[in-house]
Amino acid sequence: MATSIVGEVLLIFALMFIAITIAALWFAFSASKLKHKKELQEKKLSIIDKHFNDMVRIECPYCRTIYSANRDECPNCRANTKKVLFPEMPTN
């Protein structure tokens, strides 16, 4: 009878160990998947930002020169104030 109780206790501990191991592996897998998804989102946003900055033009309020949004200052008068001009959508 004592061996039966010891066997049942060992079985309970073995089942708990297996359940905890499965839960830990599932948590690690889901955390890894979430991290990968976040990295892909950041890469996507950086690509969109790069293309958006290539499309946007800035008009200098002092000399009215239009230049790329990638520049920090006006290439003509070196002013650093910016007014964003969004590109016009083509009409078909």
# chains A, B, ... in the order shown; residues from 1 in each chain; ligands from 1
$ select_by_dssp --residues "chain A" --states "helix (DSSP H, G or I)" --output "VMD selection string"
chain A and resid 2 to 55
$ write_last_selection --atoms "N, CA and C atoms" --output "compact mmCIF listing (two decimals), in the first residue's frame"
# COMPACT_ATOMS: atom_id res chain seq x y z
N ALA A 2 1.98 1.22 0.70
CA ALA A 2 2.88 2.36 0.74
C ALA A 2 3.50 2.63 -0.63
N THR A 3 3.79 1.58 -1.37
CA THR A 3 4.35 1.77 -2.71
C THR A 3 3.32 2.36 -3.65
N SER A 4 2.07 2.04 -3.43
CA SER A 4 1.00 2.59 -4.26
C SER A 4 0.87 4.09 -4.03
N ILE A 5 0.98 4.54 -2.80
CA ILE A 5 0.89 5.97 -2.48
C ILE A 5 2.10 6.71 -3.05
N VAL A 6 3.29 6.12 -2.91
CA VAL A 6 4.51 6.73 -3.44
C VAL A 6 4.42 6.82 -4.96
N GLY A 7 3.91 5.79 -5.59
CA GLY A 7 3.74 5.80 -7.05
C GLY A 7 2.78 6.88 -7.50
N GLU A 8 1.68 7.04 -6.77
CA GLU A 8 0.71 8.08 -7.13
C GLU A 8 1.28 9.47 -6.94
N VAL A 9 2.04 9.68 -5.86
CA VAL A 9 2.66 10.98 -5.61
C VAL A 9 3.67 11.29 -6.72
N LEU A 10 4.49 10.31 -7.09
CA LEU A 10 5.46 10.52 -8.18
C LEU A 10 4.75 10.80 -9.49
N LEU A 11 3.64 10.13 -9.75
CA LEU A 11 2.86 10.38 -10.97
C LEU A 11 2.30 11.80 -10.97
N ILE A 12 1.81 12.26 -9.85
CA ILE A 12 1.28 13.63 -9.75
C ILE A 12 2.39 14.64 -10.02
N PHE A 13 3.58 14.43 -9.41
CA PHE A 13 4.69 15.35 -9.64
C PHE A 13 5.17 15.30 -11.09
N ALA A 14 5.18 14.14 -11.69
CA ALA A 14 5.59 14.02 -13.09
C ALA A 14 4.61 14.76 -13.99
N LEU A 15 3.32 14.61 -13.73
CA LEU A 15 2.31 15.32 -14.53
C LEU A 15 2.41 16.83 -14.34
N MET A 16 2.67 17.27 -13.12
CA MET A 16 2.84 18.71 -12.88
C MET A 16 4.08 19.23 -13.60
N PHE A 17 5.17 18.46 -13.58
CA PHE A 17 6.39 18.87 -14.26
C PHE A 17 6.16 18.99 -15.77
N ILE A 18 5.45 18.02 -16.33
CA ILE A 18 5.16 18.05 -17.77
C ILE A 18 4.27 19.25 -18.10
N ALA A 19 3.27 19.52 -17.28
CA ALA A 19 2.37 20.65 -17.53
C ALA A 19 3.13 21.98 -17.44
N ILE A 20 4.00 22.11 -16.45
CA ILE A 20 4.78 23.36 -16.30
C ILE A 20 5.74 23.52 -17.47
N THR A 21 6.36 22.44 -17.91
CA THR A 21 7.28 22.50 -19.05
C THR A 21 6.55 22.92 -20.32
N ILE A 22 5.39 22.35 -20.56
CA ILE A 22 4.60 22.72 -21.74
C ILE A 22 4.19 24.19 -21.67
N ALA A 23 3.77 24.66 -20.50
CA ALA A 23 3.37 26.06 -20.34
C ALA A 23 4.56 27.00 -20.57
N ALA A 24 5.74 26.64 -20.08
CA ALA A 24 6.93 27.48 -20.26
C ALA A 24 7.33 27.53 -21.73
N LEU A 25 7.28 26.39 -22.42
CA LEU A 25 7.63 26.37 -23.84
C LEU A 25 6.62 27.17 -24.67
N TRP A 26 5.34 27.06 -24.33
CA TRP A 26 4.32 27.83 -25.05
C TRP A 26 4.53 29.33 -24.83
N PHE A 27 4.85 29.72 -23.59
CA PHE A 27 5.10 31.13 -23.30
C PHE A 27 6.31 31.65 -24.07
N ALA A 28 7.39 30.87 -24.12
CA ALA A 28 8.59 31.29 -24.86
C ALA A 28 8.29 31.41 -26.34
N PHE A 29 7.52 30.47 -26.89
CA PHE A 29 7.18 30.52 -28.31
C PHE A 29 6.33 31.74 -28.64
N SER A 30 5.34 32.03 -27.81
CA SER A 30 4.47 33.18 -28.07
C SER A 30 5.23 34.49 -27.91
N ALA A 31 6.16 34.56 -26.95
CA ALA A 31 6.96 35.77 -26.78
C ALA A 31 7.88 35.97 -27.98
N SER A 32 8.44 34.91 -28.50
CA SER A 32 9.31 34.99 -29.67
C SER A 32 8.50 35.43 -30.89
N LYS A 33 7.31 34.89 -31.04
CA LYS A 33 6.46 35.26 -32.16
C LYS A 33 6.06 36.73 -32.08
N LEU A 34 5.77 37.22 -30.88
CA LEU A 34 5.40 38.61 -30.68
C LEU A 34 6.57 39.54 -30.99
N LYS A 35 7.78 39.13 -30.58
CA LYS A 35 8.96 39.94 -30.86
C LYS A 35 9.21 40.02 -32.36
N HIS A 36 9.06 38.91 -33.07
CA HIS A 36 9.26 38.89 -34.51
C HIS A 36 8.23 39.78 -35.21
N LYS A 37 6.99 39.74 -34.74
CA LYS A 37 5.94 40.58 -35.32
C LYS A 37 6.25 42.06 -35.10
N LYS A 38 6.76 42.40 -33.92
CA LYS A 38 7.11 43.78 -33.61
C LYS A 38 8.26 44.26 -34.50
N GLU A 39 9.27 43.40 -34.73
CA GLU A 39 10.38 43.77 -35.60
C GLU A 39 9.92 44.00 -37.03
N LEU A 40 9.01 43.15 -37.51
CA LEU A 40 8.48 43.34 -38.86
C LEU A 40 7.70 44.65 -38.97
N GLN A 41 6.94 44.98 -37.94
CA GLN A 41 6.18 46.23 -37.94
C GLN A 41 7.12 47.44 -37.96
N GLU A 42 8.20 47.39 -37.18
CA GLU A 42 9.17 48.49 -37.17
C GLU A 42 9.84 48.64 -38.52
N LYS A 43 10.19 47.52 -39.16
CA LYS A 43 10.81 47.58 -40.48
C LYS A 43 9.85 48.16 -41.51
N LYS A 44 8.58 47.75 -41.41
CA LYS A 44 7.56 48.26 -42.33
C LYS A 44 7.39 49.78 -42.16
N LEU A 45 7.35 50.24 -40.91
CA LEU A 45 7.20 51.67 -40.66
C LEU A 45 8.41 52.47 -41.15
N SER A 46 9.60 51.91 -41.01
CA SER A 46 10.79 52.63 -41.49
C SER A 46 10.79 52.74 -43.01
N ILE A 47 10.32 51.70 -43.69
CA ILE A 47 10.24 51.76 -45.15
C ILE A 47 9.20 52.79 -45.59
N ILE A 48 8.05 52.78 -44.93
CA ILE A 48 6.99 53.75 -45.26
C ILE A 48 7.48 55.17 -44.99
N ASP A 49 8.18 55.37 -43.87
CA ASP A 49 8.70 56.69 -43.53
C ASP A 49 9.70 57.17 -44.57
N LYS A 50 10.56 56.28 -45.03
CA LYS A 50 11.55 56.65 -46.04
C LYS A 50 10.87 57.09 -47.33
N HIS A 51 9.89 56.31 -47.80
CA HIS A 51 9.20 56.67 -49.04
C HIS A 51 8.35 57.93 -48.86
N PHE A 52 7.76 58.11 -47.68
CA PHE A 52 6.97 59.31 -47.43
C PHE A 52 7.86 60.55 -47.47
N ASN A 53 9.06 60.47 -46.86
CA ASN A 53 9.98 61.61 -46.87
C ASN A 53 10.48 61.91 -48.27
N ASP A 54 10.55 60.90 -49.13
CA ASP A 54 10.96 61.15 -50.51
C ASP A 54 9.86 61.88 -51.27
N MET A 55 8.60 61.68 -50.89
CA MET A 55 7.48 62.32 -51.59
C MET A 55 7.19 63.73 -51.08
$ select_by_dssp --residues "chain A" --states "strand (DSSP E)" --output "mmCIF file with N, CA and C atoms, in the first residue's frame"
data_model
loop_
_atom_site.group_PDB
_atom_site.id
_atom_site.type_symbol
_atom_site.label_atom_id
_atom_site.label_comp_id
_atom_site.auth_asym_id
_atom_site.auth_seq_id
_atom_site.Cartn_x
_atom_site.Cartn_y
_atom_site.Cartn_z
ATOM 1 N N ARG A 57 7.576 67.501 -49.866
ATOM 2 C CA ARG A 57 8.434 68.643 -50.182
ATOM 3 C C ARG A 57 8.182 69.746 -49.170
ATOM 4 N N ILE A 58 9.205 70.524 -48.882
ATOM 5 C CA ILE A 58 9.137 71.620 -47.922
ATOM 6 C C ILE A 58 9.267 72.932 -48.685
ATOM 7 N N GLU A 59 8.457 73.911 -48.270
ATOM 8 C CA GLU A 59 8.568 75.245 -48.861
ATOM 9 C C GLU A 59 9.119 76.183 -47.804
ATOM 10 N N ILE A 66 11.444 75.317 -52.791
ATOM 11 C CA ILE A 66 10.870 74.017 -52.449
ATOM 12 C C ILE A 66 11.999 72.996 -52.463
ATOM 13 N N TYR A 67 12.104 72.229 -51.359
ATOM 14 C CA TYR A 67 13.179 71.247 -51.223
ATOM 15 C C TYR A 67 12.657 69.998 -50.523
ATOM 16 N N SER A 68 13.461 68.959 -50.517
ATOM 17 C CA SER A 68 13.077 67.663 -49.961
ATOM 18 C C SER A 68 12.966 67.725 -48.441
ATOM 19 N N VAL A 84 5.164 71.985 -44.473
ATOM 20 C CA VAL A 84 5.012 70.731 -45.210
ATOM 21 C C VAL A 84 3.994 70.904 -46.325
ATOM 22 N N LEU A 85 4.388 70.501 -47.523
ATOM 23 C CA LEU A 85 3.479 70.467 -48.664
ATOM 24 C C LEU A 85 3.262 69.010 -49.053
#
